[in-house]
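**Student:** Hey, dropping input-v8.cif in here, mmCIF, C-alpha atoms:
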data_coords
#
loop_
_atom_site.label_atom_id
_atom_site.label_comp_id
_atom_site.auth_asym_id
_atom_site.auth_seq_id
_atom_site.Cartn_x
_atom_site.Cartn_y
_atom_site.Cartn_z
CA MET D 1 -35.96 182.20 190.65
CA ASN D 2 -33.44 181.94 193.46
CA GLU D 3 -32.54 184.76 195.83
CA ARG D 4 -29.54 185.84 193.76
CA ILE D 5 -31.63 186.20 190.60
CA ALA D 6 -34.42 187.91 192.54
CA ARG D 7 -31.93 190.49 193.83
CA ARG D 8 -30.72 191.00 190.29
CA ILE D 9 -34.11 191.89 188.81
CA SER D 10 -35.31 193.91 191.81
CA GLY D 11 -32.12 195.90 192.39
CA SER D 12 -32.18 199.58 191.53
CA PRO D 13 -29.48 200.86 189.16
CA VAL D 14 -26.74 202.56 191.13
CA ALA D 15 -24.43 205.29 189.92
CA ALA D 16 -20.92 203.93 190.37
CA GLY D 17 -17.93 205.61 191.92
CA GLU D 18 -18.50 208.92 193.62
CA SER D 19 -15.57 211.26 194.19
CA GLU D 20 -15.23 214.20 196.56
CA HIS D 21 -13.23 217.40 196.42
CA GLY D 22 -13.29 220.69 198.27
CA GLY D 23 -15.04 223.74 196.81
CA GLY D 24 -13.61 227.24 196.87
CA ASP D 25 -15.61 228.13 200.00
CA GLY D 26 -14.39 225.08 201.91
CA VAL D 27 -17.57 223.13 201.22
CA ARG D 28 -16.93 219.54 200.19
CA VAL D 29 -18.54 218.79 196.82
CA THR D 30 -19.46 215.29 195.69
CA ARG D 31 -19.53 214.46 191.99
CA MET D 32 -20.46 211.24 190.24
CA HIS D 33 -18.20 209.57 187.71
CA GLN D 34 -21.26 208.27 185.85
CA SER D 35 -24.59 209.94 185.18
CA LEU D 36 -27.86 208.57 186.53
CA LEU D 37 -30.05 206.50 184.24
CA SER D 38 -32.75 208.32 182.31
CA SER D 39 -36.34 207.08 182.56
CA SER D 40 -36.10 205.53 179.07
CA LYS D 41 -32.83 203.82 179.97
CA MET D 42 -34.38 202.57 183.22
CA GLY D 43 -37.27 201.00 181.31
CA SER D 44 -34.91 199.32 178.87
CA THR D 45 -32.79 198.00 181.74
CA ASN D 46 -35.81 196.58 183.54
CA ARG D 47 -36.98 194.83 180.39
CA GLY D 48 -33.52 193.35 179.98
CA LEU D 49 -33.51 192.14 183.58
CA VAL D 50 -36.84 190.37 183.13
CA ILE D 51 -35.58 188.65 179.97
CA GLN D 52 -32.37 187.67 181.74
CA ALA D 53 -34.40 186.15 184.57
CA LEU D 54 -36.39 184.07 182.06
CA TYR D 55 -33.16 182.75 180.56
CA ASP D 56 -31.96 181.76 184.02
CA LEU D 57 -35.26 180.20 185.12
CA GLY D 58 -37.17 179.04 182.09
CA PRO D 59 -40.88 179.84 181.58
CA THR D 60 -42.13 181.90 184.55
CA SER D 61 -45.42 183.65 185.31
CA ARG D 62 -45.87 187.37 185.93
CA ALA D 63 -46.96 186.66 189.49
CA GLU D 64 -43.83 184.63 190.20
CA LEU D 65 -41.57 187.28 188.68
CA ALA D 66 -43.28 189.95 190.76
CA ARG D 67 -43.03 187.89 193.96
CA LEU D 68 -39.35 187.12 193.55
CA ALA D 69 -38.47 190.67 192.46
CA GLY D 70 -40.29 192.17 195.46
CA VAL D 71 -42.56 194.38 193.34
CA ASN D 72 -46.28 194.32 192.64
CA LYS D 73 -47.77 192.47 189.70
CA THR D 74 -48.80 195.73 188.03
CA THR D 75 -45.17 196.82 187.79
CA ILE D 76 -44.11 193.52 186.22
CA SER D 77 -47.11 193.55 183.88
CA GLY D 78 -46.15 196.97 182.61
CA ILE D 79 -42.66 195.73 181.76
CA VAL D 80 -43.88 192.46 180.29
CA GLN D 81 -46.63 193.96 178.16
CA THR D 82 -44.08 196.01 176.21
CA LEU D 83 -42.17 192.82 175.43
CA ILE D 84 -45.37 191.02 174.38
CA ASP D 85 -46.37 193.92 172.13
CA ALA D 86 -42.91 193.76 170.53
CA GLU D 87 -43.49 190.00 169.91
CA ILE D 88 -40.48 189.09 172.03
CA LEU D 89 -42.50 187.24 174.70
CA VAL D 90 -45.76 185.32 174.73
CA GLU D 91 -47.91 183.89 177.50
CA ASN D 92 -48.13 180.12 177.21
CA ASP D 93 -51.04 177.93 178.21
CA PRO D 94 -51.91 178.06 181.92
CA SER D 95 -49.97 175.85 184.29
CA PRO D 96 -51.91 173.23 186.29
CA ILE D 97 -53.64 174.65 189.37
CA GLY D 98 -51.76 173.89 192.57
CA ARG D 99 -53.19 172.55 195.81
CA ARG D 100 -54.04 176.05 197.01
CA GLY D 101 -56.26 176.64 193.99
CA GLY D 102 -56.55 180.11 192.52
CA LYS D 103 -56.28 181.36 188.97
CA PRO D 104 -53.94 179.24 186.82
CA ALA D 105 -50.65 180.99 186.02
CA LYS D 106 -49.64 181.63 182.42
CA PRO D 107 -45.86 181.25 182.12
CA LEU D 108 -44.04 183.77 179.97
CA TRP D 109 -41.60 182.56 177.33
CA PHE D 110 -40.05 183.69 174.08
CA SER D 111 -42.33 184.12 171.10
CA PRO D 112 -41.77 181.79 168.13
CA SER D 113 -42.39 184.82 165.89
CA ALA D 114 -39.67 186.95 167.54
CA SER D 115 -36.85 188.16 165.32
CA PRO D 116 -33.95 185.67 165.45
CA ILE D 117 -30.19 186.23 165.50
CA CYS D 118 -27.56 185.08 163.00
CA GLY D 119 -24.71 183.14 164.60
CA VAL D 120 -21.45 182.57 162.73
CA LEU D 121 -18.43 180.42 163.56
CA LEU D 122 -15.33 181.40 161.59
CA MET D 123 -12.50 178.87 161.79
CA PRO D 124 -9.26 178.75 159.76
CA GLU D 125 -10.64 176.32 157.18
CA GLU D 126 -14.43 176.77 157.29
CA VAL D 127 -17.24 179.20 158.00
CA HIS D 128 -20.45 177.93 159.61
CA ALA D 129 -23.52 180.16 159.84
CA CYS D 130 -27.00 179.60 161.24
CA VAL D 131 -30.09 181.34 162.57
CA VAL D 132 -30.85 181.14 166.31
CA THR D 133 -34.24 181.77 167.89
CA LEU D 134 -34.45 183.65 171.17
CA ASP D 135 -35.07 180.40 173.03
CA GLY D 136 -31.88 178.87 171.63
CA GLN D 137 -33.12 176.77 168.72
CA ILE D 138 -30.71 176.51 165.76
CA PHE D 139 -31.91 176.28 162.17
CA ALA D 140 -30.93 177.32 158.63
CA GLU D 141 -27.36 176.06 159.03
CA THR D 142 -24.91 176.73 156.20
CA ARG D 143 -21.28 175.55 155.97
CA ILE D 144 -18.72 176.52 153.35
CA ALA D 145 -15.01 175.67 153.14
CA LEU D 146 -12.80 178.75 153.00
CA PRO D 147 -10.35 179.44 150.18
CA ASP D 148 -6.62 179.27 150.90
CA GLY D 149 -5.94 181.48 153.89
CA GLY D 150 -2.57 182.42 152.52
CA GLY D 151 -4.03 183.90 149.33
CA PRO D 152 -5.84 187.19 148.75
CA VAL D 153 -8.41 188.26 151.32
CA GLU D 154 -11.28 189.11 148.92
CA PRO D 155 -12.32 185.51 148.09
CA ILE D 156 -12.32 184.64 151.80
CA ILE D 157 -14.56 187.58 152.70
CA GLU D 158 -16.91 186.85 149.81
CA THR D 159 -17.19 183.24 151.02
CA ILE D 160 -18.02 184.39 154.56
CA ALA D 161 -20.66 186.77 153.20
CA GLU D 162 -22.10 184.02 151.00
CA CYS D 163 -22.42 181.70 154.00
CA VAL D 164 -24.13 184.36 156.12
CA SER D 165 -26.46 185.26 153.27
CA GLY D 166 -27.40 181.60 152.83
CA ALA D 167 -28.53 181.41 156.44
CA LEU D 168 -30.34 184.76 156.43
CA GLN D 169 -32.32 183.88 153.32
CA GLN D 170 -34.12 181.22 155.34
CA THR D 171 -35.48 183.65 157.96
CA LYS D 172 -39.03 184.96 157.93
CA ARG D 173 -38.24 188.10 159.93
CA PRO D 174 -35.25 190.44 159.81
CA PRO D 175 -32.70 189.26 162.39
CA LEU D 176 -31.64 191.34 165.36
CA GLY D 177 -27.99 191.18 164.34
CA ILE D 178 -25.03 188.99 163.48
CA GLY D 179 -22.63 187.51 166.02
CA VAL D 180 -19.32 186.02 164.91
CA ALA D 181 -17.16 183.62 166.93
CA VAL D 182 -13.63 183.68 165.53
CA GLY D 183 -11.10 180.87 165.88
CA GLY D 184 -8.29 183.36 166.41
CA MET D 185 -7.37 186.57 168.18
CA VAL D 186 -9.77 189.50 167.78
CA ASP D 187 -9.92 193.16 168.74
CA THR D 188 -13.38 193.39 170.30
CA ASP D 189 -13.22 197.20 170.47
CA SER D 190 -12.79 197.64 166.72
CA GLY D 191 -14.51 194.44 165.58
CA SER D 192 -11.38 193.38 163.71
CA ILE D 193 -9.52 190.10 163.41
CA VAL D 194 -6.01 190.31 164.86
CA THR D 195 -4.78 186.96 163.60
CA ILE D 196 -6.09 183.53 162.65
CA ASN D 197 -3.73 180.58 162.48
CA LEU D 198 -3.56 179.17 158.91
CA ALA D 199 -5.40 182.21 157.51
CA PRO D 200 -2.91 185.11 157.56
CA ALA D 201 -4.88 186.92 154.83
CA LEU D 202 -7.46 187.81 157.48
CA ASP D 203 -4.95 189.39 159.87
CA GLY D 204 -6.13 192.89 160.77
CA TYR D 205 -9.32 192.65 158.72
CA PRO D 206 -12.29 194.80 159.98
CA LEU D 207 -14.84 192.02 159.63
CA ALA D 208 -17.57 193.54 161.83
CA SER D 209 -17.78 196.76 159.82
CA ASP D 210 -17.66 194.84 156.52
CA LEU D 211 -20.54 192.51 157.43
CA GLY D 212 -22.47 195.40 158.96
CA ARG D 213 -22.20 197.34 155.72
CA ARG D 214 -23.22 194.36 153.59
CA PHE D 215 -26.24 193.29 155.60
CA GLY D 216 -27.30 196.50 157.34
CA LEU D 217 -27.25 194.82 160.75
CA PRO D 218 -25.30 195.28 163.99
CA VAL D 219 -22.37 192.85 164.15
CA ARG D 220 -20.51 191.60 167.22
CA LEU D 221 -17.18 189.81 166.96
CA ASP D 222 -15.41 187.80 169.66
CA HIS D 223 -12.89 185.04 170.29
CA HIS D 224 -14.17 181.46 169.92
CA PRO D 225 -13.71 180.36 173.58
CA ARG D 226 -15.46 183.51 174.82
CA ALA D 227 -18.36 182.78 172.47
CA LEU D 228 -18.55 179.29 173.98
CA LEU D 229 -18.88 180.89 177.39
CA VAL D 230 -21.63 183.25 176.20
CA GLY D 231 -23.47 180.27 174.72
CA ASP D 232 -23.23 178.44 178.03
CA ARG D 233 -24.33 181.52 179.96
CA TRP D 234 -27.50 182.16 177.94
CA PHE D 235 -28.47 178.74 176.64
CA GLY D 236 -26.37 176.04 178.32
CA LYS D 237 -24.85 174.81 181.55
CA GLY D 238 -23.79 178.27 182.72
CA ARG D 239 -27.36 179.52 183.20
CA GLY D 240 -27.83 181.13 186.59
CA ILE D 241 -24.22 180.45 187.71
CA PRO D 242 -22.54 183.57 189.13
CA GLN D 243 -19.01 182.57 188.15
CA PHE D 244 -17.56 179.88 185.95
CA ALA D 245 -14.84 179.16 183.42
CA VAL D 246 -14.88 177.54 180.00
CA VAL D 247 -11.96 175.47 178.71
CA TYR D 248 -11.78 174.32 175.09
CA THR D 249 -9.38 171.63 173.85
CA GLY D 250 -8.70 170.55 170.29
CA LYS D 251 -6.06 171.57 167.77
CA VAL D 252 -5.60 174.58 170.04
CA LEU D 253 -6.45 175.26 173.67
CA GLY D 254 -8.42 178.26 174.88
CA GLY D 255 -10.65 179.45 177.66
CA ALA D 256 -12.80 182.21 179.05
CA LEU D 257 -13.88 183.51 182.46
CA TYR D 258 -17.22 184.76 183.81
CA PHE D 259 -17.33 186.68 187.10
CA GLY D 260 -20.04 188.80 188.72
CA GLY D 261 -22.30 188.74 185.67
CA HIS D 262 -19.55 189.72 183.23
CA LEU D 263 -17.36 187.96 180.70
CA TYR D 264 -13.75 188.99 181.24
CA ARG D 265 -12.21 190.16 177.97
CA GLY D 266 -9.30 192.37 178.99
CA THR D 267 -8.25 195.42 177.00
CA ALA D 268 -9.56 195.20 173.42
CA GLY D 269 -10.29 191.50 173.96
CA ALA D 270 -6.68 190.55 174.68
CA GLY D 271 -7.47 188.64 177.89
CA GLY D 272 -8.25 184.98 178.37
CA GLU D 273 -5.39 183.50 176.32
CA LEU D 274 -5.27 180.54 178.69
CA GLY D 275 -3.55 178.28 176.20
CA HIS D 276 -0.48 180.50 176.37
CA THR D 277 -0.10 180.53 180.13
CA PHE D 278 3.08 178.74 181.22
CA VAL D 279 2.91 175.26 182.72
CA GLN D 280 6.49 174.07 182.04
CA VAL D 281 9.47 176.37 182.50
CA ASP D 282 11.68 175.97 179.41
CA GLY D 283 9.23 173.39 178.07
CA GLU D 284 8.37 172.59 174.47
CA LEU D 285 8.44 175.40 171.90
CA CYS D 286 4.93 176.72 171.29
CA ARG D 287 3.58 178.05 168.00
CA CYS D 288 3.50 181.48 169.68
CA GLY D 289 7.32 181.42 169.87
CA ARG D 290 7.56 180.91 173.63
CA ARG D 291 8.20 177.73 175.57
CA GLY D 292 6.15 175.74 178.02
CA CYS D 293 2.65 176.98 177.14
CA TRP D 294 -0.34 174.92 178.30
CA ASP D 295 -1.20 174.61 174.60
CA THR D 296 1.93 172.48 174.05
CA ILE D 297 0.86 169.64 176.37
CA ALA D 298 -2.95 169.53 176.25
CA THR D 299 -3.96 169.62 172.58
CA LEU D 300 -4.49 167.06 169.84
CA GLY D 301 -1.00 167.69 168.47
CA TRP D 302 0.58 166.52 171.73
CA LEU D 303 -1.84 163.60 172.08
CA ARG D 304 -1.21 162.29 168.55
CA ARG D 305 2.54 162.64 168.84
CA GLU D 306 2.55 160.71 172.12
CA ALA D 307 0.22 158.08 170.65
CA ARG D 308 2.72 157.53 167.83
CA LYS D 309 5.56 157.18 170.35
CA ALA D 310 3.51 154.62 172.27
CA GLY D 311 2.80 152.64 169.09
CA LEU D 312 -0.97 152.99 169.45
CA PRO D 313 -3.19 152.28 166.44
CA ASP D 314 -5.09 155.25 164.93
CA ALA D 315 -2.39 157.60 166.23
CA GLU D 316 -2.81 160.02 163.32
CA ARG D 317 -6.49 160.58 164.09
CA MET D 318 -6.28 160.04 167.85
CA ASN D 319 -8.72 161.97 170.04
CA SER D 320 -10.19 161.56 173.50
CA GLY D 321 -12.98 159.31 172.29
CA ILE D 322 -10.64 156.87 170.53
CA LEU D 323 -8.20 156.99 173.45
CA CYS D 324 -10.82 156.17 176.08
CA LEU D 325 -12.08 153.23 174.04
CA ALA D 326 -8.53 151.91 173.66
CA ALA D 327 -7.71 152.47 177.35
CA GLY D 328 -10.19 149.77 178.37
CA LYS D 329 -8.04 147.06 176.79
CA ASP D 330 -4.56 148.55 176.29
CA GLU D 331 -2.28 149.50 179.17
CA ALA D 332 -0.26 151.94 177.03
CA ALA D 333 -3.47 153.75 176.05
CA ALA D 334 -4.56 153.86 179.69
CA ARG D 335 -1.24 155.45 180.69
CA LEU D 336 -1.54 158.02 177.89
CA LEU D 337 -5.10 158.80 178.96
CA ASP D 338 -3.91 159.51 182.48
CA ARG D 339 -1.08 161.76 181.25
CA TYR D 340 -3.38 163.69 178.91
CA ALA D 341 -5.97 164.17 181.66
CA ARG D 342 -3.28 165.42 184.04
CA ASN D 343 -1.97 167.87 181.44
CA VAL D 344 -5.46 169.34 181.05
CA ALA D 345 -5.86 169.37 184.84
CA ILE D 346 -2.61 171.30 185.40
CA GLY D 347 -3.95 174.40 183.64
CA ILE D 348 -7.32 174.12 185.39
CA ALA D 349 -5.55 173.82 188.75
CA ASN D 350 -3.51 176.97 188.03
CA LEU D 351 -6.69 178.80 187.10
CA GLN D 352 -8.40 177.58 190.26
CA GLN D 353 -5.48 178.64 192.44
CA THR D 354 -5.44 182.10 190.84
CA LEU D 355 -9.13 183.00 190.48
CA ALA D 356 -11.16 180.10 191.95
CA PRO D 357 -14.05 179.98 189.46
CA ASN D 358 -14.95 176.61 191.06
CA HIS D 359 -17.24 175.67 188.15
CA TYR D 360 -15.68 174.55 184.83
CA ILE D 361 -17.45 173.71 181.58
CA LEU D 362 -15.26 171.76 179.16
CA HIS D 363 -15.72 171.84 175.39
CA GLY D 364 -14.07 170.27 172.39
CA ASP D 365 -11.96 167.14 172.24
CA VAL D 366 -12.02 166.07 175.90
CA VAL D 367 -15.83 165.88 175.77
CA LEU D 368 -15.49 162.99 173.30
CA GLY D 369 -13.89 160.98 176.10
CA GLY D 370 -17.14 160.95 178.07
CA ASP D 371 -17.33 160.35 181.79
CA ARG D 372 -14.03 158.49 181.91
CA MET D 373 -12.07 161.50 180.64
CA LEU D 374 -13.96 163.99 182.81
CA GLU D 375 -13.46 161.89 185.92
CA ALA D 376 -9.74 161.53 185.18
CA ILE D 377 -9.35 165.30 184.76
CA ALA D 378 -11.39 166.02 187.90
CA GLY D 379 -9.33 163.53 189.92
CA HIS D 380 -6.07 165.21 188.96
CA VAL D 381 -7.49 168.66 189.70
CA ARG D 382 -8.46 167.50 193.19
CA ASP D 383 -4.93 166.17 193.72
CA LEU D 384 -3.35 169.43 192.51
CA VAL D 385 -5.55 171.93 194.37
CA PRO D 386 -5.42 172.04 198.20
CA ALA D 387 -8.78 171.55 199.90
CA ARG D 388 -10.22 174.68 201.48
CA PRO D 389 -13.63 175.95 202.71
CA GLY D 390 -15.90 176.86 199.82
CA GLY D 391 -13.54 175.19 197.42
CA VAL D 392 -15.85 172.56 195.91
CA ILE D 393 -14.80 172.23 192.28
CA GLU D 394 -17.28 171.09 189.65
CA ILE D 395 -16.22 169.98 186.17
CA VAL D 396 -18.93 169.30 183.59
CA ALA D 397 -19.06 168.58 179.87
CA GLY D 398 -20.29 171.10 177.35
CA ASP D 399 -20.32 169.96 173.73
CA ALA D 400 -17.71 168.64 171.33
CA GLY D 401 -19.11 170.33 168.22
CA ASP D 402 -20.12 173.76 166.98
CA GLN D 403 -23.49 174.21 168.69
CA ALA D 404 -22.31 176.10 171.78
CA ALA D 405 -20.12 178.41 169.68
CA LEU D 406 -22.99 179.21 167.30
CA LEU D 407 -25.33 179.86 170.23
CA GLY D 408 -22.64 181.99 171.84
CA ALA D 409 -22.14 184.00 168.68
CA ALA D 410 -25.86 184.75 168.74
CA GLY D 411 -25.57 185.46 172.46
CA LEU D 412 -23.11 188.28 171.73
CA VAL D 413 -25.94 190.12 169.98
CA LEU D 414 -28.40 189.12 172.69
CA SER D 415 -26.14 190.62 175.35
CA ASP D 416 -26.14 193.91 173.46
CA MET D 417 -29.90 193.78 173.08
CA LEU D 418 -30.30 193.31 176.83
CA GLN D 419 -27.71 196.03 177.49
CA PHE D 420 -25.53 193.73 179.58
CA SER D 421 -21.79 194.03 179.08
CA ILE D 422 -21.31 190.27 179.30
#
Let's see the structure in the file written out as structure tokens.

**Tutor:**
Amino acid sequence: MNERIARRISGSPVAAGESEHGGGDGVRVTRMHQSLLSSSKMGSTNRGLVIQALYDLGPTSRAELARLAGVNKTTISGIVQTLIDAEILVENDPSPIGRRGGKPAKPLWFSPSASPICGVLLMPEEVHACVVTLDGQIFAETRIALPDGGGPVEPIIETIAECVSGALQQTKRPPLGIGVAVGGMVDTDSGSIVTINLAPALDGYPLASDLGRRFGLPVRLDHHPRALLVGDRWFGKGRGIPQFAVVYTGKVLGGALYFGGHLYRGTAGAGGELGHTFVQVDGELCRCGRRGCWDTIATLGWLRREARKAGLPDAERMNSGILCLAAGKDEAAARLLDRYARNVAIGIANLQQTLAPNHYILHGDVVLGGDRMLEAIAGHVRDLVPARPGGVIEIVAGDAGDQAALLGAAGLVLSDMLQFSI
């Protein structure tokens, strides 16, 4: 556990935002905007902090947790024992004895018998459900194609429920909840879908309350790119990183931001629409009705159109993987690769100039291009962003498939369980 994580699990909860005003007798009175934590809330918070530290570090002993948190082993043991009794954690076999000798440490990790979480990815044409263990293992996957999104909503909802039920039937213990990553705009406050491209029947539908009623479980709903970020934060390449951004490319472009231990959502989940930030004044008309959106120059639609113009083979199914293979022997493909990489880099450079996340995890199509695509994007970002102290920019690959989104959907429930407003 590094110093930052140690501070996180040893820090005392602080009441935020005090305000002062004068009393009637001239005495200045101080009042708190938020109440102090109760003893039960404090215990729950401490348990959540220990679990969060394990996600950041991997299997860790009680003694190591106590040392890094600056508390005695008895305090940590009291917190940990509650989690062991609840079958959330187990003590694994002792680690090898070090040079100094002493009693072998038993690292704590997540119990294989702990209740899992149901993760769901809802895209315009398909629903994909699974069960996720607390240590991030995916099983019981179920996929079903959705009925016509322009038709009545009832068959679509019944299909989603059928897919979720198919996954849940393969669990041995009742799950902790259901998390849904939606390939469209959502209202995270109400748990409703705002709009999904190609599936207008779902516009405005209160999916969280519907699934909660059907399955008797808590349900969390969020936008697909934000779920990717949550998956990276708990189970992937965002573990232990204080701030980072996720960028997803494919048929659409999206992203999400993580700062100071929190996922930025904006009011009712309206924030993070990175694909509709402007990169070309009076540029191409976007599907949103405006011109010059990042989405218009850094998605598969743009890439395939430009591949057709360049006369490249496989233009209709062109993606970053096919393009990078072709670029090794075709000059036109190499030029298109460079343009596509620069188009992706332009939006990242704008994001870096505005908020400086410094660390970017890419998902979706560009991951198919491997190191060649990532290096091309990173090179253009370096050219577009002025060098400055503390400005080292890291760009890494996430995954090109559904795994991170499914893990992130489960992570939405996990965040609630740990009482962190990620």

**Student:** Please identify all polymer residues within 6 Å of stretch 341-356 of chain D, counting all atoms listed in the file, omitting same-chain residues fewer than 5 positions from it, and present them as an MDAnalysis selection string.

**Tutor:** chainID D and resid 298 376:377 380:381 385

**Student:** Quick check on the file I pasted: which residues fall under the PyMOL selection byres ((chain D and resi 157) around 12)? Write them as a count of residues only.

**Tutor:** 32

**Student:** Just so the selection is clear, what residues does the PyMOL selection byres ((chain D and resi 239-252) around 6) cover here, as a PyMOL selection string?

**Tutor:** chain D and resi 56+229+233-234+237-238+253-260+299-300+357+359-365

**Student:** Run the PyMOL selection byres ((chain D and resi 275-286) around 7) on the file and write out the hits as a PDB file with C-alpha atoms, in the coordinates of the input.

**Tutor:**
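Heads up, here's the output in result06.pdb:
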ATOM      1  CA  LEU D 253      -6.450 175.260 173.670  1.00  0.00           C
ATOM      2  CA  GLY D 254      -8.420 178.260 174.880  1.00  0.00           C
ATOM      3  CA  GLU D 273      -5.390 183.500 176.320  1.00  0.00           C
ATOM      4  CA  LEU D 274      -5.270 180.540 178.690  1.00  0.00           C
ATOM      5  CA  ARG D 287       3.580 178.050 168.000  1.00  0.00           C
ATOM      6  CA  CYS D 288       3.500 181.480 169.680  1.00  0.00           C
ATOM      7  CA  GLY D 289       7.320 181.420 169.870  1.00  0.00           C
ATOM      8  CA  ARG D 290       7.560 180.910 173.630  1.00  0.00           C
ATOM      9  CA  ARG D 291       8.200 177.730 175.570  1.00  0.00           C
ATOM     10  CA  GLY D 292       6.150 175.740 178.020  1.00  0.00           C
ATOM     11  CA  CYS D 293       2.650 176.980 177.140  1.00  0.00           C
ATOM     12  CA  TRP D 294      -0.340 174.920 178.300  1.00  0.00           C
ATOM     13  CA  ASP D 295      -1.200 174.610 174.600  1.00  0.00           C
ATOM     14  CA  THR D 296       1.930 172.480 174.050  1.00  0.00           C
ATOM     15  CA  GLY D 347      -3.950 174.400 183.640  1.00  0.00           C
TER      16      GLY D 347
END

**Student:** At a cut-off of 9 Å, using only C-alpha atoms, what residues contact D:Gly411? Leave out same-chain residues fewer than 2 positions from it and give the result as a PyMOL selection string.

**Tutor:** chain D and resi 117+119+179+227+230-231+233-235+406-409+413-416

**Student:** What is the atom CA of D:Ser190-atom CA of D:Gly150 distance in Å, reported with one decimal?

**Tutor:**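 Result for atom CA of D:Ser190 versus atom CA of D:Gly150: 23.2 Å, one decimal.
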
**Student:** When you look at stretch 79-96 of chain D with a cut-off of 6 Å (counting only C-alpha atoms), what residues show up, excluding the ones that are within fewer than 4 positions of it in the same chain? I need them as a JSON list (two decimals) with C-alpha atoms, keeping the file's coordinate frame.

**Tutor:**
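Ended up saving to out.json:
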[["chain", "number", "residue", "atom", "x", "y", "z"],
["D", 47, "ARG", "CA", -36.98, 194.83, 180.39],
["D", 104, "PRO", "CA", -53.94, 179.24, 186.82],
["D", 105, "ALA", "CA", -50.65, 180.99, 186.02],
["D", 106, "LYS", "CA", -49.64, 181.63, 182.42],
["D", 107, "PRO", "CA", -45.86, 181.25, 182.12],
["D", 108, "LEU", "CA", -44.04, 183.77, 179.97],
["D", 109, "TRP", "CA", -41.60, 182.56, 177.33],
["D", 110, "PHE", "CA", -40.05, 183.69, 174.08],
["D", 111, "SER", "CA", -42.33, 184.12, 171.10],
["D", 114, "ALA", "CA", -39.67, 186.95, 167.54]]

**Student:** Report, in Å with one decimal, the straight-line distance from atom CA of D:Gly401 to atom CA of D:Met123.

**Tutor:**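 Spanning atom CA of D:Gly401 to atom CA of D:Met123 is a straight-line distance of 12.6 Å.
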
**Student:** With only C-alpha atoms as the basis for distance, which of D:Asp338, D:Asp222, D:Asp399, D:Asp232 is at the shortest distance from D:Gly184?

**Tutor:**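 Nearest candidate to D:Gly184 out of D:Asp338, D:Asp222, D:Asp399, D:Asp232: D:Asp222.
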
**Student:** Just to confirm, what's the straight-line distance from atom CA of D:Met185 to atom CA of D:Asn197 in Å (one decimal)?

**Tutor:**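 Separating atom CA of D:Met185 from atom CA of D:Asn197 is a distance of 9.0 Å.
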
**Student:** Rank nothing, just name the residue among D:Gly266, D:Gly166, D:Pro124, D:Gly70 nearest to D:Leu198, using only C-alpha atoms.

**Tutor:**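 The answer is D:Pro124, which sits nearest to D:Leu198.
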
**Student:** Could you tell me which of D:Cys118, D:Val131, D:Ala181, D:Ile322 comes closest to D:Pro218 if we count all atoms listed in the file?

**Tutor:**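 For D:Pro218, the nearest of the candidates is D:Cys118.
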
**Student:** Near D:Met318, counting only C-alpha atoms, which residues have an atom at most 10 Å away, once you skip same-chain residues fewer than 2 positions from it, shown as a compact mmCIF listing (two decimals) with C-alpha atoms, in the frame of the given file?

**Tutor:**
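Once everything was written out, this is result.txt:
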# COMPACT_ATOMS: atom_id res chain seq x y z
CA LEU D 300 -4.49 167.06 169.84
CA GLY D 301 -1.00 167.69 168.47
CA LEU D 303 -1.84 163.60 172.08
CA ARG D 304 -1.21 162.29 168.55
CA ARG D 305 2.54 162.64 168.84
CA GLU D 306 2.55 160.71 172.12
CA ALA D 307 0.22 158.08 170.65
CA ARG D 308 2.72 157.53 167.83
CA LEU D 312 -0.97 152.99 169.45
CA PRO D 313 -3.19 152.28 166.44
CA ASP D 314 -5.09 155.25 164.93
CA ALA D 315 -2.39 157.60 166.23
CA GLU D 316 -2.81 160.02 163.32
CA SER D 320 -10.19 161.56 173.50
CA GLY D 321 -12.98 159.31 172.29
CA ILE D 322 -10.64 156.87 170.53
CA LEU D 323 -8.20 156.99 173.45

**Student:** At a cut-off of 12 Å around the point (-38.9, 186.9, 159.6) (file coordinates), what residues fall inside when counting only C-alpha atoms? I'd like the answer as a list in words.

**Tutor:**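 Within the cut-off we find Glu87, Pro112, Ser113, Ala114, Ser115, Pro116, Ile117, Cys118, Val131, Val132, Thr133, Leu168, Gln169, Gln170, Thr171, Lys172, Arg173, Pro174, Pro175 and Leu176 of chain D.
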
**Student:** Counting only C-alpha atoms, which residue out of D:Gly48, D:Pro386, D:Gly328, D:Gly370 sits closest to D:Ala400?

**Tutor:** D:Gly370

**Student:** Using all atoms listed in the file, which residues sit within 9 Å of D:Arg265 once same-chain residues fewer than 5 positions away are excluded, as a PyMOL selection string?

**Tutor:** chain D and resi 188+226+256-257+270-272

**Student:** Let me see the file: selected residues, C-alpha atoms, as a short mmCIF file (atom, residue, chain, number, x, y, z; two decimals), in the frame of the given file.

**Tutor:**
data_model
loop_
_atom_site.label_atom_id
_atom_site.label_comp_id
_atom_site.auth_asym_id
_atom_site.auth_seq_id
_atom_site.Cartn_x
_atom_site.Cartn_y
_atom_site.Cartn_z
CA THR D 188 -13.38 193.39 170.30
CA ARG D 226 -15.46 183.51 174.82
CA ALA D 256 -12.80 182.21 179.05
CA LEU D 257 -13.88 183.51 182.46
CA ALA D 270 -6.68 190.55 174.68
CA GLY D 271 -7.47 188.64 177.89
CA GLY D 272 -8.25 184.98 178.37
#
